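Q: Next comes the structure file query37.txt, holding compact mmCIF, C-alpha atoms.
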# COMPACT_ATOMS: atom_id res chain seq x y z
CA MET A 1 0.00 0.00 0.00
CA GLY A 2 2.88 2.29 0.91
CA LYS A 3 4.54 1.56 -2.44
CA ARG A 4 1.34 2.40 -4.33
CA ARG A 5 0.98 5.71 -2.44
CA ARG A 6 4.62 6.57 -3.14
CA ALA A 7 4.18 5.73 -6.81
CA ASP A 8 1.06 7.91 -7.02
CA SER A 9 2.92 10.71 -5.33
CA ASP A 10 5.81 10.36 -7.80
CA SER A 11 3.33 10.44 -10.70
CA ASP A 12 1.74 13.66 -9.40
CA SER A 13 5.18 15.14 -9.02
CA ASP A 14 6.00 14.27 -12.64
CA ASP A 15 2.79 16.01 -13.81
CA ASP A 16 3.70 19.11 -11.81
CA THR A 17 7.22 19.08 -13.28
CA THR A 18 5.84 18.80 -16.82
CA THR A 19 3.45 21.70 -16.22
CA THR A 20 6.26 23.79 -14.79
CA ARG A 21 8.52 22.90 -17.70
CA LEU A 22 5.78 23.51 -20.29
CA PRO A 23 3.45 26.13 -18.78
CA PHE A 24 -0.21 25.91 -19.83
CA LYS A 25 0.21 22.64 -21.72
CA ASN A 26 -2.44 21.14 -19.46
CA ARG A 27 -4.93 23.70 -20.82
CA LEU A 28 -4.68 22.31 -24.33
CA LYS A 29 -7.72 20.47 -25.61
CA PRO A 30 -7.51 17.62 -28.14
CA ASP A 31 -6.34 18.66 -31.60
CA SER A 32 -9.77 17.77 -32.99
CA VAL A 33 -11.31 20.62 -30.94
CA ILE A 34 -8.72 23.13 -32.20
CA LEU A 35 -9.20 21.93 -35.78
CA SER A 36 -12.93 22.48 -35.43
CA THR A 37 -12.25 26.11 -34.38
CA LEU A 38 -9.95 26.58 -37.38
CA LYS A 39 -12.53 25.15 -39.77
CA THR A 40 -15.06 27.67 -38.48
CA LEU A 41 -12.56 30.52 -39.00
CA SER A 42 -11.72 29.28 -42.50
CA ALA A 43 -15.39 28.98 -43.48
CA ALA A 44 -16.12 32.49 -42.19
CA THR A 45 -13.22 33.89 -44.22
CA LYS A 46 -14.39 32.15 -47.40
CA SER A 47 -17.91 33.47 -46.83
CA ALA A 48 -16.65 37.05 -46.33
CA SER A 49 -14.50 36.78 -49.47
CA THR A 50 -17.58 36.48 -51.69
CA SER A 51 -18.39 40.18 -51.17
CA LYS A 52 -17.00 42.70 -53.68
CA THR A 53 -13.59 44.14 -52.80
CA LEU A 54 -13.67 47.92 -52.43
CA THR A 55 -11.40 49.99 -54.68
CA LEU A 56 -10.43 53.66 -54.77
CA THR A 57 -12.93 54.30 -57.57
CA ASP A 58 -15.76 53.09 -55.32
CA LEU A 59 -15.04 55.85 -52.79
CA SER A 60 -15.71 59.56 -52.90
CA LEU A 61 -12.55 60.87 -51.30
CA SER A 62 -11.90 64.55 -50.71
CA SER A 63 -8.32 64.09 -51.97
CA THR A 64 -7.50 62.89 -55.46
CA CYS A 65 -5.38 59.74 -55.26
CA ARG A 66 -3.37 57.83 -57.81
CA GLU A 67 -2.72 54.10 -58.22
CA VAL A 68 -0.67 52.11 -60.66
CA THR A 69 -1.87 49.04 -62.56
CA ASP A 70 -0.36 45.90 -64.03
CA LEU A 71 0.47 46.60 -67.66
CA PRO A 72 1.48 44.26 -70.50
CA LEU A 73 4.94 44.84 -71.99
CA SER A 74 3.46 46.41 -75.13
CA SER A 75 1.75 49.08 -73.02
CA VAL A 76 4.95 49.76 -71.06
CA GLN A 77 6.81 50.23 -74.37
CA ASN A 78 4.12 52.58 -75.69
CA ARG A 79 4.15 54.72 -72.53
CA ILE A 80 7.95 55.05 -72.63
CA LEU A 81 7.87 55.97 -76.34
CA SER A 82 5.07 58.49 -75.75
CA LEU A 83 7.06 60.06 -72.90
CA ALA A 84 10.21 60.19 -75.06
CA LEU A 85 8.24 61.85 -77.88
CA ASN A 86 6.91 64.55 -75.54
CA LEU A 87 10.42 65.19 -74.19
CA THR A 88 11.78 65.49 -77.74
CA LYS A 89 9.07 68.01 -78.67
CA SER A 90 9.90 70.03 -75.57
CA ILE A 91 13.61 70.10 -76.48
CA LEU A 92 12.91 71.08 -80.12
CA ALA A 93 10.64 73.88 -78.89
CA GLY A 94 13.60 75.25 -76.94
CA ASN A 95 12.14 74.43 -73.52
CA GLY A 96 14.66 71.77 -72.54
CA PHE A 97 13.15 68.76 -70.83
CA SER A 98 11.93 67.71 -67.42
CA PHE A 99 10.00 64.89 -65.79
CA SER A 100 6.82 65.32 -63.78
CA VAL A 101 7.41 62.89 -60.91
CA PRO A 102 4.63 61.92 -58.48
CA SER A 103 5.76 62.78 -54.96
CA ARG A 104 6.25 59.79 -52.64
CA ALA A 105 6.85 61.99 -49.58
CA ALA A 106 4.98 61.21 -46.35
CA THR A 107 2.97 64.42 -46.75
CA ASN A 108 1.57 63.12 -50.05
CA GLN A 109 0.20 59.92 -48.56
CA LEU A 110 -3.21 59.09 -47.16
CA TYR A 111 -4.51 56.23 -45.06
CA VAL A 112 -7.97 55.19 -46.29
CA PRO A 113 -9.87 53.39 -43.48
CA GLU A 114 -12.44 51.89 -45.88
CA LEU A 115 -9.61 50.17 -47.77
CA ASP A 116 -7.39 49.75 -44.69
CA ARG A 117 -4.30 50.72 -46.67
CA ILE A 118 -2.07 53.69 -47.48
CA VAL A 119 -2.49 55.33 -50.89
CA LEU A 120 -0.63 58.05 -52.78
CA LYS A 121 -2.20 61.47 -53.34
CA ASP A 122 -1.78 63.34 -56.61
CA LYS A 123 0.93 65.89 -55.80
CA SER A 124 3.86 65.89 -58.26
CA SER A 125 7.21 67.65 -58.52
CA VAL A 126 9.13 68.77 -61.61
CA ARG A 127 12.56 67.24 -62.22
CA PRO A 128 14.27 69.47 -64.85
CA TYR A 129 17.51 68.59 -66.63
CA ALA A 130 18.63 72.24 -66.74
CA SER A 131 19.02 72.54 -62.97
CA VAL A 132 22.15 71.88 -60.96
CA SER A 133 20.14 70.35 -58.10
CA THR A 134 18.27 67.82 -60.27
CA VAL A 135 20.42 67.26 -63.37
CA ARG A 136 21.97 64.06 -62.03
CA LYS A 137 18.67 62.55 -60.90
CA THR A 138 17.10 63.48 -64.24
CA THR A 139 19.96 61.71 -66.02
CA ILE A 140 19.43 58.60 -63.86
CA THR A 141 15.69 58.69 -64.62
CA THR A 142 16.40 58.85 -68.36
CA ARG A 143 18.89 55.96 -68.09
CA ILE A 144 16.46 53.78 -66.14
CA LEU A 145 13.70 54.43 -68.69
CA SER A 146 16.10 53.40 -71.49
CA LEU A 147 17.01 50.17 -69.67
CA ILE A 148 13.35 49.34 -68.97
CA HIS A 149 12.57 49.84 -72.67
CA GLN A 150 15.35 47.37 -73.56
CA LEU A 151 13.94 44.80 -71.11
CA SER A 152 10.43 45.14 -72.51
CA LEU A 153 11.70 44.66 -76.08
CA LYS A 154 13.66 41.53 -75.16
CA ASN A 155 10.99 40.29 -72.71
CA ILE A 156 13.53 39.33 -70.04
CA HIS A 157 13.69 39.90 -66.28
CA VAL A 158 16.62 41.29 -64.30
CA THR A 159 17.20 41.97 -60.62
CA LYS A 160 17.56 45.43 -59.14
CA ARG A 161 21.23 44.56 -58.60
CA ASP A 162 21.66 43.78 -62.32
CA LEU A 163 20.13 47.15 -63.14
CA PHE A 164 22.56 48.93 -60.81
CA TYR A 165 25.60 47.29 -62.42
CA THR A 166 24.68 48.51 -65.91
CA ASP A 167 26.02 51.96 -64.96
CA VAL A 168 27.76 51.97 -61.58
CA LYS A 169 29.52 55.30 -62.18
CA LEU A 170 26.24 57.06 -62.82
CA PHE A 171 24.15 55.37 -60.13
CA GLN A 172 27.01 55.35 -57.52
CA ASP A 173 24.83 53.52 -55.00
CA GLN A 174 22.05 50.97 -55.48
CA THR A 175 19.69 52.87 -53.21
CA GLN A 176 19.72 55.66 -55.81
CA SER A 177 18.83 53.42 -58.77
CA ASP A 178 16.21 51.63 -56.62
CA ALA A 179 14.56 54.93 -55.66
CA VAL A 180 14.42 56.15 -59.27
CA LEU A 181 13.02 52.77 -60.33
CA ASP A 182 10.04 53.44 -58.03
CA ASP A 183 9.77 56.94 -59.52
CA VAL A 184 9.66 55.44 -63.01
CA SER A 185 6.83 53.11 -61.94
CA CYS A 186 4.87 56.17 -60.79
CA ILE A 187 5.67 58.17 -63.95
CA LEU A 188 4.51 55.33 -66.22
CA GLY A 189 1.56 54.44 -63.98
CA CYS A 190 2.44 50.74 -63.81
CA THR A 191 3.49 48.28 -61.11
CA ARG A 192 7.17 47.59 -60.63
CA SER A 193 6.54 44.00 -61.73
CA SER A 194 5.39 45.35 -65.10
CA LEU A 195 8.90 46.78 -65.61
CA ASN A 196 10.43 43.26 -65.54
CA VAL A 197 12.73 44.26 -62.68
CA VAL A 198 12.59 41.98 -59.65
CA ALA A 199 14.31 41.69 -56.28
CA ALA A 200 16.52 38.71 -55.50
CA GLU A 201 14.79 35.68 -53.94
CA LYS A 202 14.30 36.16 -50.21
CA GLY A 203 11.00 34.78 -48.91
CA VAL A 204 10.20 31.08 -48.49
CA VAL A 205 7.01 29.03 -48.15
CA VAL A 206 6.33 25.56 -46.77
CA GLY A 207 3.21 23.54 -45.95
CA ARG A 208 -0.09 22.61 -47.53
CA LEU A 209 0.27 24.42 -50.84
CA VAL A 210 0.65 23.24 -54.43
CA PHE A 211 1.33 25.75 -57.21
CA SER A 212 2.96 25.96 -60.61
CA ASP A 213 6.22 27.87 -61.00
CA ASN A 214 6.84 28.64 -64.67
CA GLY A 215 4.97 25.46 -65.59
CA ASP A 216 6.60 23.17 -62.97
CA MET A 217 4.25 21.88 -60.26
CA ILE A 218 5.60 22.50 -56.74
CA ASP A 219 4.32 20.63 -53.67
CA CYS A 220 5.39 22.66 -50.63
CA THR A 221 4.99 19.68 -48.26
CA LYS A 222 7.89 18.00 -50.09
CA MET A 223 10.42 20.81 -50.10
CA GLY A 224 12.30 19.86 -46.92
CA ILE A 225 12.76 22.07 -43.89
CA GLY A 226 14.02 25.00 -45.96
CA GLY A 227 10.82 25.17 -48.00
CA LYS A 228 10.38 26.64 -51.47
CA ALA A 229 11.89 30.00 -52.36
CA ILE A 230 9.14 32.42 -53.37
CA PRO A 231 9.58 33.25 -57.07
CA PRO A 232 10.68 36.87 -57.56
CA ASN A 233 8.41 37.13 -60.61
CA ILE A 234 4.78 36.65 -59.53
CA ASP A 235 3.76 36.12 -63.17
CA ARG A 236 5.45 32.71 -62.98
CA VAL A 237 3.06 31.57 -60.23
CA GLY A 238 -0.26 29.92 -61.01
CA ASP A 239 -2.63 27.01 -60.38
CA MET A 240 -2.66 27.43 -56.60
CA SER A 241 -4.46 24.72 -54.61
CA SER A 242 -4.49 23.89 -50.91
CA ASP A 243 -6.30 21.96 -48.18
CA ALA A 244 -4.96 24.34 -45.52
CA LEU A 245 -7.23 26.01 -42.98
CA PHE A 246 -5.11 29.15 -42.58
CA ILE A 247 -1.90 30.91 -43.62
CA LEU A 248 0.70 31.51 -40.90
CA LEU A 249 2.83 34.57 -41.64
CA VAL A 250 6.08 34.45 -39.66
CA GLU A 251 8.44 37.40 -39.22
CA LYS A 252 11.70 35.56 -38.72
CA ASP A 253 13.59 32.69 -40.28
CA ALA A 254 14.37 31.03 -36.92
CA ALA A 255 10.70 30.61 -35.97
CA TYR A 256 9.90 29.50 -39.52
CA MET A 257 12.60 26.79 -39.33
CA ARG A 258 11.28 25.57 -35.98
CA LEU A 259 7.72 25.21 -37.33
CA ALA A 260 8.88 23.64 -40.59
CA GLU A 261 11.08 21.06 -38.84
CA ASP A 262 8.25 20.19 -36.43
CA ARG A 263 5.90 19.77 -39.43
CA PHE A 264 3.43 22.08 -37.70
CA TYR A 265 1.51 22.29 -40.99
CA ASN A 266 0.61 18.60 -40.77
CA ARG A 267 -0.76 18.81 -37.22
CA PHE A 268 -2.76 21.94 -38.06
CA PRO A 269 -3.17 22.17 -41.86
CA CYS A 270 -1.64 25.50 -42.86
CA ILE A 271 0.77 27.29 -45.16
CA ILE A 272 3.79 28.88 -43.45
CA VAL A 273 5.47 31.83 -45.13
CA THR A 274 8.26 34.23 -44.14
CA ALA A 275 10.25 37.05 -45.74
CA LYS A 276 13.00 36.54 -43.14
CA GLY A 277 12.58 40.02 -41.68
CA GLN A 278 11.59 43.10 -43.66
CA PRO A 279 8.85 42.22 -46.18
CA ASP A 280 10.11 42.15 -49.78
CA VAL A 281 7.89 42.81 -52.79
CA ALA A 282 7.84 39.18 -53.98
CA THR A 283 6.66 37.85 -50.59
CA ARG A 284 4.01 40.57 -50.31
CA LEU A 285 2.70 39.77 -53.80
CA PHE A 286 2.76 36.03 -53.09
CA LEU A 287 0.92 36.41 -49.76
CA ARG A 288 -1.78 38.52 -51.39
CA LYS A 289 -2.16 36.02 -54.23
CA MET A 290 -2.61 33.15 -51.73
CA LYS A 291 -5.13 35.13 -49.69
CA MET A 292 -7.21 36.21 -52.68
CA GLU A 293 -7.16 32.92 -54.58
CA LEU A 294 -7.38 30.43 -51.70
CA LYS A 295 -9.58 32.68 -49.54
CA LEU A 296 -7.83 31.66 -46.33
CA PRO A 297 -7.42 33.62 -43.07
CA VAL A 298 -3.92 34.99 -42.45
CA LEU A 299 -2.50 34.87 -38.90
CA ALA A 300 0.75 36.70 -38.13
CA LEU A 301 3.54 35.73 -35.73
CA VAL A 302 5.98 38.61 -35.14
CA ASP A 303 8.31 39.82 -32.39
CA SER A 304 6.80 41.77 -29.51
CA ASP A 305 8.47 45.05 -30.41
CA PRO A 306 7.54 48.14 -32.47
CA TYR A 307 9.35 46.78 -35.53
CA GLY A 308 7.34 43.55 -35.45
CA LEU A 309 4.16 45.60 -35.61
CA LYS A 310 5.62 47.78 -38.38
CA ILE A 311 6.38 44.64 -40.41
CA LEU A 312 2.84 43.41 -39.84
CA SER A 313 1.45 46.77 -40.97
CA VAL A 314 3.52 46.70 -44.19
CA TYR A 315 1.92 43.38 -45.15
CA GLY A 316 -1.54 44.61 -44.22
CA CYS A 317 -1.66 48.35 -45.00
CA GLY A 318 1.36 48.85 -47.24
CA SER A 319 4.65 50.68 -46.97
CA LYS A 320 4.89 54.45 -47.39
CA ASN A 321 7.73 53.96 -49.85
CA MET A 322 5.52 51.95 -52.23
CA SER A 323 2.10 53.39 -51.40
CA TYR A 324 1.55 53.97 -55.13
CA ASP A 325 1.17 50.18 -55.53
CA SER A 326 -0.64 49.36 -52.28
CA ALA A 327 -3.61 47.85 -54.13
CA ASN A 328 -1.39 45.00 -55.38
CA LEU A 329 0.97 44.67 -52.43
CA THR A 330 -1.34 44.60 -49.40
CA THR A 331 -3.13 41.62 -47.89
CA PRO A 332 -6.43 42.55 -46.21
CA ASP A 333 -7.52 41.43 -42.74
CA ILE A 334 -4.29 39.96 -41.32
CA LYS A 335 -4.84 38.91 -37.71
CA TRP A 336 -2.14 39.56 -35.10
CA LEU A 337 -1.69 36.22 -33.38
CA GLY A 338 1.47 36.93 -31.40
CA ILE A 339 3.80 37.57 -29.82
CA ARG A 340 1.91 40.41 -28.20
CA PRO A 341 3.05 42.53 -25.24
CA SER A 342 0.28 41.08 -23.06
CA ASP A 343 1.65 37.58 -23.75
CA LEU A 344 4.83 38.33 -21.79
CA ASP A 345 2.98 38.18 -18.46
CA LYS A 346 0.19 35.89 -19.64
CA TYR A 347 2.69 33.15 -20.57
CA LYS A 348 5.01 33.98 -17.67
CA ILE A 349 8.03 34.72 -19.86
CA PRO A 350 10.94 35.19 -17.42
CA GLU A 351 12.46 38.64 -16.93
CA GLN A 352 15.84 37.44 -18.21
CA CYS A 353 14.22 36.63 -21.58
CA ARG A 354 12.77 40.11 -21.98
CA LEU A 355 14.75 43.01 -23.37
CA PRO A 356 14.61 46.67 -22.31
CA MET A 357 13.36 48.97 -25.05
CA THR A 358 15.83 51.59 -26.26
CA GLU A 359 14.90 55.26 -26.55
CA GLN A 360 14.56 54.71 -30.32
CA ASP A 361 12.24 51.73 -29.71
CA ILE A 362 10.03 53.83 -27.44
CA LYS A 363 9.95 56.69 -29.98
CA THR A 364 9.00 54.25 -32.76
CA GLY A 365 6.25 52.80 -30.56
CA LYS A 366 4.85 56.27 -29.78
CA ASP A 367 5.01 57.24 -33.47
CA LEU A 368 3.06 54.09 -34.36
CA LEU A 369 0.37 55.04 -31.85
CA GLU A 370 -0.18 58.21 -33.91
CA GLU A 371 -0.69 56.27 -37.15
CA ASP A 372 -4.27 56.04 -38.40
CA PHE A 373 -3.94 52.35 -39.30
CA VAL A 374 -3.08 51.61 -35.64
CA LYS A 375 -5.78 53.88 -34.20
CA LYS A 376 -8.37 52.02 -36.27
CA ASN A 377 -7.77 48.85 -34.23
CA PRO A 378 -8.39 49.35 -30.47
CA GLY A 379 -6.67 46.04 -29.71
CA TRP A 380 -3.48 47.21 -31.41
CA VAL A 381 -3.61 50.51 -29.49
CA GLU A 382 -4.01 48.66 -26.18
CA GLU A 383 -1.11 46.28 -26.87
CA LEU A 384 1.22 48.97 -28.19
CA SER A 385 0.41 51.26 -25.23
CA LEU A 386 1.26 48.40 -22.87
CA MET A 387 4.57 47.87 -24.67
CA VAL A 388 5.54 51.55 -24.46
CA LYS A 389 4.47 51.76 -20.79
CA SER A 390 6.32 48.60 -19.71
CA LYS A 391 9.37 49.51 -21.85
CA GLN A 392 9.88 45.80 -22.48
CA LYS A 393 10.14 43.85 -25.71
CA ALA A 394 10.70 40.20 -26.56
CA GLU A 395 11.53 38.10 -29.59
CA ILE A 396 9.61 35.00 -30.65
CA GLN A 397 12.65 32.99 -29.48
CA ALA A 398 11.95 34.04 -25.87
CA LEU A 399 9.47 31.14 -25.78
CA SER A 400 12.44 28.76 -26.12
CA THR A 401 13.08 29.28 -22.41
CA PHE A 402 10.35 26.65 -21.90
CA GLY A 403 11.83 24.31 -24.50
CA PHE A 404 12.82 24.62 -28.15
CA GLN A 405 9.49 23.17 -29.30
CA TYR A 406 7.26 25.18 -26.95
CA LEU A 407 6.28 27.45 -29.85
CA SER A 408 4.87 24.61 -31.93
CA GLU A 409 3.70 22.31 -29.14
CA VAL A 410 2.00 24.72 -26.71
CA TYR A 411 2.03 28.42 -27.56
CA LEU A 412 0.55 28.34 -31.06
CA PRO A 413 -1.94 25.50 -30.42
CA LEU A 414 -3.23 27.32 -27.32
CA LYS A 415 -3.49 30.60 -29.22
CA LEU A 416 -5.50 28.88 -31.95
CA GLN A 417 -7.67 27.06 -29.41
CA GLN A 418 -8.53 30.29 -27.61
CA GLN A 419 -8.96 32.22 -30.89
CA ASP A 420 -6.56 34.69 -29.31
CA TRP A 421 -5.86 37.05 -32.22
CA LEU A 422 -6.55 40.70 -33.01
Go ahead and express the file in the form of structure tokens.
A:
Amino acid sequence: MGKRRRADSDSDSDDDTTTTRLPFKNRLKPDSVILSTLKTLSAATKSASTSKTLTLTDLSLSSTCREVTDLPLSSVQNRILSLALNLTKSILAGNGFSFSVPSRAATNQLYVPELDRIVLKDKSSVRPYASVSTVRKTTITTRILSLIHQLSLKNIHVTKRDLFYTDVKLFQDQTQSDAVLDDVSCILGCTRSSLNVVAAEKGVVVGRLVFSDNGDMIDCTKMGIGGKAIPPNIDRVGDMSSDALFILLVEKDAAYMRLAEDRFYNRFPCIIVTAKGQPDVATRLFLRKMKMELKLPVLALVDSDPYGLKILSVYGCGSKNMSYDSANLTTPDIKWLGIRPSDLDKYKIPEQCRLPMTEQDIKTGKDLLEEDFVKKNPGWVEELSLMVKSKQKAEIQALSTFGFQYLSEVYLPLKLQQQDWL
């Protein structure tokens, strides 16, 4: 009898140790219950997707706004030729030449709540050749237009780095050729993808997704832990199909690798995607394409710091730098799953795993609180206010204090079970 009592006592002790080692694991319900919750979320998203998507033309805004569109190569060629013809006429008339460049300054941008994204207003600036202050930038603009025309004639794609190396002495720094490339998109009124200039591969995807890449069928459950690199040219992507219940957008490569190695997408059918930090154009285009075609909810996992929320907002509302193309680059209704400031105490993350916010962090957090796209969501305001007040931040990896697989085995399943997203 004494042995049985001692054994029972040892068993209870083991349970307590497990709970201490993996906090809140005992709150998890069977996977079937969590899957039922996810199926309800997925069905609701598909139902909501049947309604017509609002566009700028549907709204009566007090400010005139401009947006670019996807154009075929023939249209890009025609617009460049038409621009060149007008410049030639101006020179022959003795007026020299200049470009009218849409302003991408912060003062020329507008957050539209009905669309939940940032758009570009219609203010432009003149970039004359016969001016000491703008002659170099005008020369770069002319050179970029010439290179884009060559690409459209040959129907080939190059990277932004390739473009820079065509004239290093003129461009001097890639940030300068990149900036003018965005200007050229605005001048021609087309997306950057239409110019056949792409960024190098950066983002990756893994999980329950099958799609064609330039005619080759790709099964993302059979791409290993590293996953499939997201094609830099979205035109190559087609025939998307999936049995996933949601898309999990992950900020960092480390968390992505953890979830991929644990085959989280098999336990809870999903597609996991990351841009490995700052969102690149290809990943933003790919995420939007998945959302619109598969009609799946998107849940985001980012660091609990102001930059994590900024990254989330770029995917959802667009970046100010590329607000002219926000219609094509933003993914509507992304839900903030974690890691949120309130999670630090809720999940008892130890003090030694939290980081003090720097003065710059606090300033960034306060600046975000003034943004309209943050103010629109009371939950975001509450969480960000808590972060700024506590002056604490934490990375997704802070959860590893409870075990390397705590993220995939406890934290995310419990979040999904409790429908704990904003």
Q: From the list A:Pro269, A:Gly238, A:Asp372, A:Ile349, which residue is nearest A:Ser36 when using all atoms listed in the file?
A: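 Smallest separation from A:Ser36 among the options: A:Pro269.
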Q: Please, which residues in stretch 50-140 of chain A fall within 9 Å of stretch 167-191 of chain A when counting only C-alpha atoms, and what is the closest atom pair and distance in Å to one decimal for each, ordered by chain then residue number, as a Markdown table?
A:
| residue | atom | partner | partner_atom | distance |
| --- | --- | --- | --- | --- |
| A:Arg66 | CA | A:Gly189 | CA | 8.6 |
| A:Glu67 | CA | A:Gly189 | CA | 7.2 |
| A:Val68 | CA | A:Gly189 | CA | 4.6 |
| A:Thr69 | CA | A:Cys190 | CA | 4.8 |
| A:Asp70 | CA | A:Thr191 | CA | 5.4 |
| A:Leu71 | CA | A:Cys190 | CA | 6.0 |
| A:Val76 | CA | A:Leu188 | CA | 7.4 |
| A:Arg79 | CA | A:Leu188 | CA | 6.3 |
| A:Ile80 | CA | A:Leu188 | CA | 7.3 |
| A:Leu83 | CA | A:Leu188 | CA | 8.6 |
| A:Phe99 | CA | A:Ile187 | CA | 8.2 |
| A:Ser100 | CA | A:Ile187 | CA | 7.2 |
| A:Val101 | CA | A:Ile187 | CA | 5.9 |
| A:Pro102 | CA | A:Cys186 | CA | 6.2 |
| A:Ser103 | CA | A:Asp183 | CA | 8.4 |
| A:Arg104 | CA | A:Asp183 | CA | 8.2 |
| A:Arg136 | CA | A:Leu170 | CA | 8.2 |
| A:Lys137 | CA | A:Val180 | CA | 7.9 |
| A:Thr139 | CA | A:Leu170 | CA | 8.4 |
| A:Ile140 | CA | A:Phe171 | CA | 6.8 |
Q: Kindly extract all protein, DNA and RNA residues lying within 9 Å of the coordinates (10.7, 38.9, -19.4) given in the file, considering all atoms listed in the file, and supply them as a ChimeraX atom specification.
A: /A:344-345,348-355,392-394,398
Q: List the neighbours of A:Pro231 out to 8 Å using only C-alpha atoms; skip same-chain residues closer than 5 positions along the sequence, and give me the result as an MDAnalysis selection string.
A: chainID A and resid 201 213 236:237 282
Q: Which polymer residues, protein or nucleic acid, are no farther than 9 Å from (0.6, 66.7, -55.5), counting all atoms listed in the file, as a PyMOL selection string?
A: chain A and resi 64+102-103+108+121-125
Q: Skip A:Ala84 itself and residues of its chain fewer than 5 positions away, then list as a list in words all residues within 12 Å of it, counting only C-alpha atoms.
A: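 Non-adjacent residues within range: Gln77, Asn78, Arg79, Lys89, Ser90, Ile91, Phe97, Ser98, Phe99, Thr141, Thr142, Arg143, Leu145, Ser146, His149 and Leu188 of chain A.
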Q: Interatomic distance between atom CA of A:Ala254 and atom CA of A:Leu369?
A: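 Atom CA of A:Leu369 lies at a distance of 28.3 Å from atom CA of A:Ala254.
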Q: Would you list the contacts of A:Tyr265 as a list in words, taking every protein, DNA or RNA residue within 8 Å and counting all atoms listed in the file, but skipping same-chain residues closer than 6 positions in sequence?
A: Gly207, Arg208, Leu259, Ile271 and Ile272 of chain A
Q: Store the residues picked out above, limited to C-alpha atoms, as a PDB file, in the frame of the given file.
A:
ATOM      1  CA  GLY A 207       3.210  23.540 -45.950  1.00  0.00           C
ATOM      2  CA  ARG A 208      -0.090  22.610 -47.530  1.00  0.00           C
ATOM      3  CA  LEU A 259       7.720  25.210 -37.330  1.00  0.00           C
ATOM      4  CA  ILE A 271       0.770  27.290 -45.160  1.00  0.00           C
ATOM      5  CA  ILE A 272       3.790  28.880 -43.450  1.00  0.00           C
TER       6      ILE A 272
END
Q: Give me the residues within 6 Å of A:Lys25 as JSON, numbers by chain, counting all atoms listed in the file and dropping any in the same chain fewer than 3 places off.
A: {"A": [22, 28, 410]}
Q: One decimal, Å: what's the distance from atom CA of A:Phe404 over to atom CA of A:Leu384, could you say?
A: 27.0 Å
Q: For a test of reading the model, state the distance in Å between atom CA of A:Ser32 and atom CA of A:Thr274, rounded to one decimal.
A: 26.8 Å
Q: Can you tell me which residues surround stretch 242-248 of chain A at a distance of at most 7 Å, considering all atoms listed in the file, apart from same-chain residues fewer than 5 positions away, and format the answer as a ChimeraX atom specification?
A: /A:38-39,42,208-210,269-273,296-300
Q: Could you tell me which of A:Arg258, A:Arg267, A:Lys291, A:Lys202 comes closest to A:Gln397 if we count only C-alpha atoms?
A: A:Arg258
Q: Kindly indicate which residue among A:Ser342, A:Gln419, A:Thr283, A:Asn196 lies nearest to A:Ser304, using only C-alpha atoms for the distances.
A: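 Smallest separation from A:Ser304 among the options: A:Ser342.
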Q: With distances taken over all atoms listed in the file, which of A:Gln109, A:Ser193, A:Gln405, A:Ser51 is nearest to A:Lys295?
A: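 Closest to A:Lys295, using all atoms listed in the file: A:Ser51.
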Q: Measuring atom to atom with only C-alpha atoms, identify which of A:Ala255, A:Val119, A:Leu41, A:Met217 is nearest to A:Gly277.
A: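 The answer is A:Ala255, which sits nearest to A:Gly277.
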Q: Generate N, CA and C atoms for stretch 35-44 of chain A and emit them as an mmCIF file, in the frame of the given file.
A:
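Contents of the output file out.cif:
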data_model
loop_
_atom_site.group_PDB
_atom_site.id
_atom_site.type_symbol
_atom_site.label_atom_id
_atom_site.label_comp_id
_atom_site.auth_asym_id
_atom_site.auth_seq_id
_atom_site.Cartn_x
_atom_site.Cartn_y
_atom_site.Cartn_z
ATOM 1 N N LEU A 35 -8.933 22.005 -34.336
ATOM 2 C CA LEU A 35 -9.200 21.930 -35.780
ATOM 3 C C LEU A 35 -10.610 22.375 -36.107
ATOM 4 N N SER A 36 -11.545 22.058 -35.232
ATOM 5 C CA SER A 36 -12.930 22.480 -35.430
ATOM 6 C C SER A 36 -13.032 24.015 -35.401
ATOM 7 N N THR A 37 -12.284 24.639 -34.478
ATOM 8 C CA THR A 37 -12.250 26.110 -34.380
ATOM 9 C C THR A 37 -11.671 26.711 -35.658
ATOM 10 N N LEU A 38 -10.593 26.086 -36.166
ATOM 11 C CA LEU A 38 -9.950 26.580 -37.380
ATOM 12 C C LEU A 38 -10.846 26.441 -38.602
ATOM 13 N N LYS A 39 -11.601 25.351 -38.644
ATOM 14 C CA LYS A 39 -12.530 25.150 -39.770
ATOM 15 C C LYS A 39 -13.615 26.220 -39.779
ATOM 16 N N THR A 40 -14.060 26.599 -38.587
ATOM 17 C CA THR A 40 -15.060 27.670 -38.480
ATOM 18 C C THR A 40 -14.492 28.995 -38.974
ATOM 19 N N LEU A 41 -13.240 29.293 -38.571
ATOM 20 C CA LEU A 41 -12.560 30.520 -39.000
ATOM 21 C C LEU A 41 -12.384 30.523 -40.524
ATOM 22 N N SER A 42 -11.951 29.397 -41.067
ATOM 23 C CA SER A 42 -11.720 29.280 -42.500
ATOM 24 C C SER A 42 -13.013 29.480 -43.290
ATOM 25 N N ALA A 43 -14.090 28.859 -42.809
ATOM 26 C CA ALA A 43 -15.390 28.980 -43.480
ATOM 27 C C ALA A 43 -15.896 30.421 -43.455
ATOM 28 N N ALA A 44 -15.692 31.093 -42.314
ATOM 29 C CA ALA A 44 -16.120 32.490 -42.190
ATOM 30 C C ALA A 44 -15.347 33.393 -43.151
#
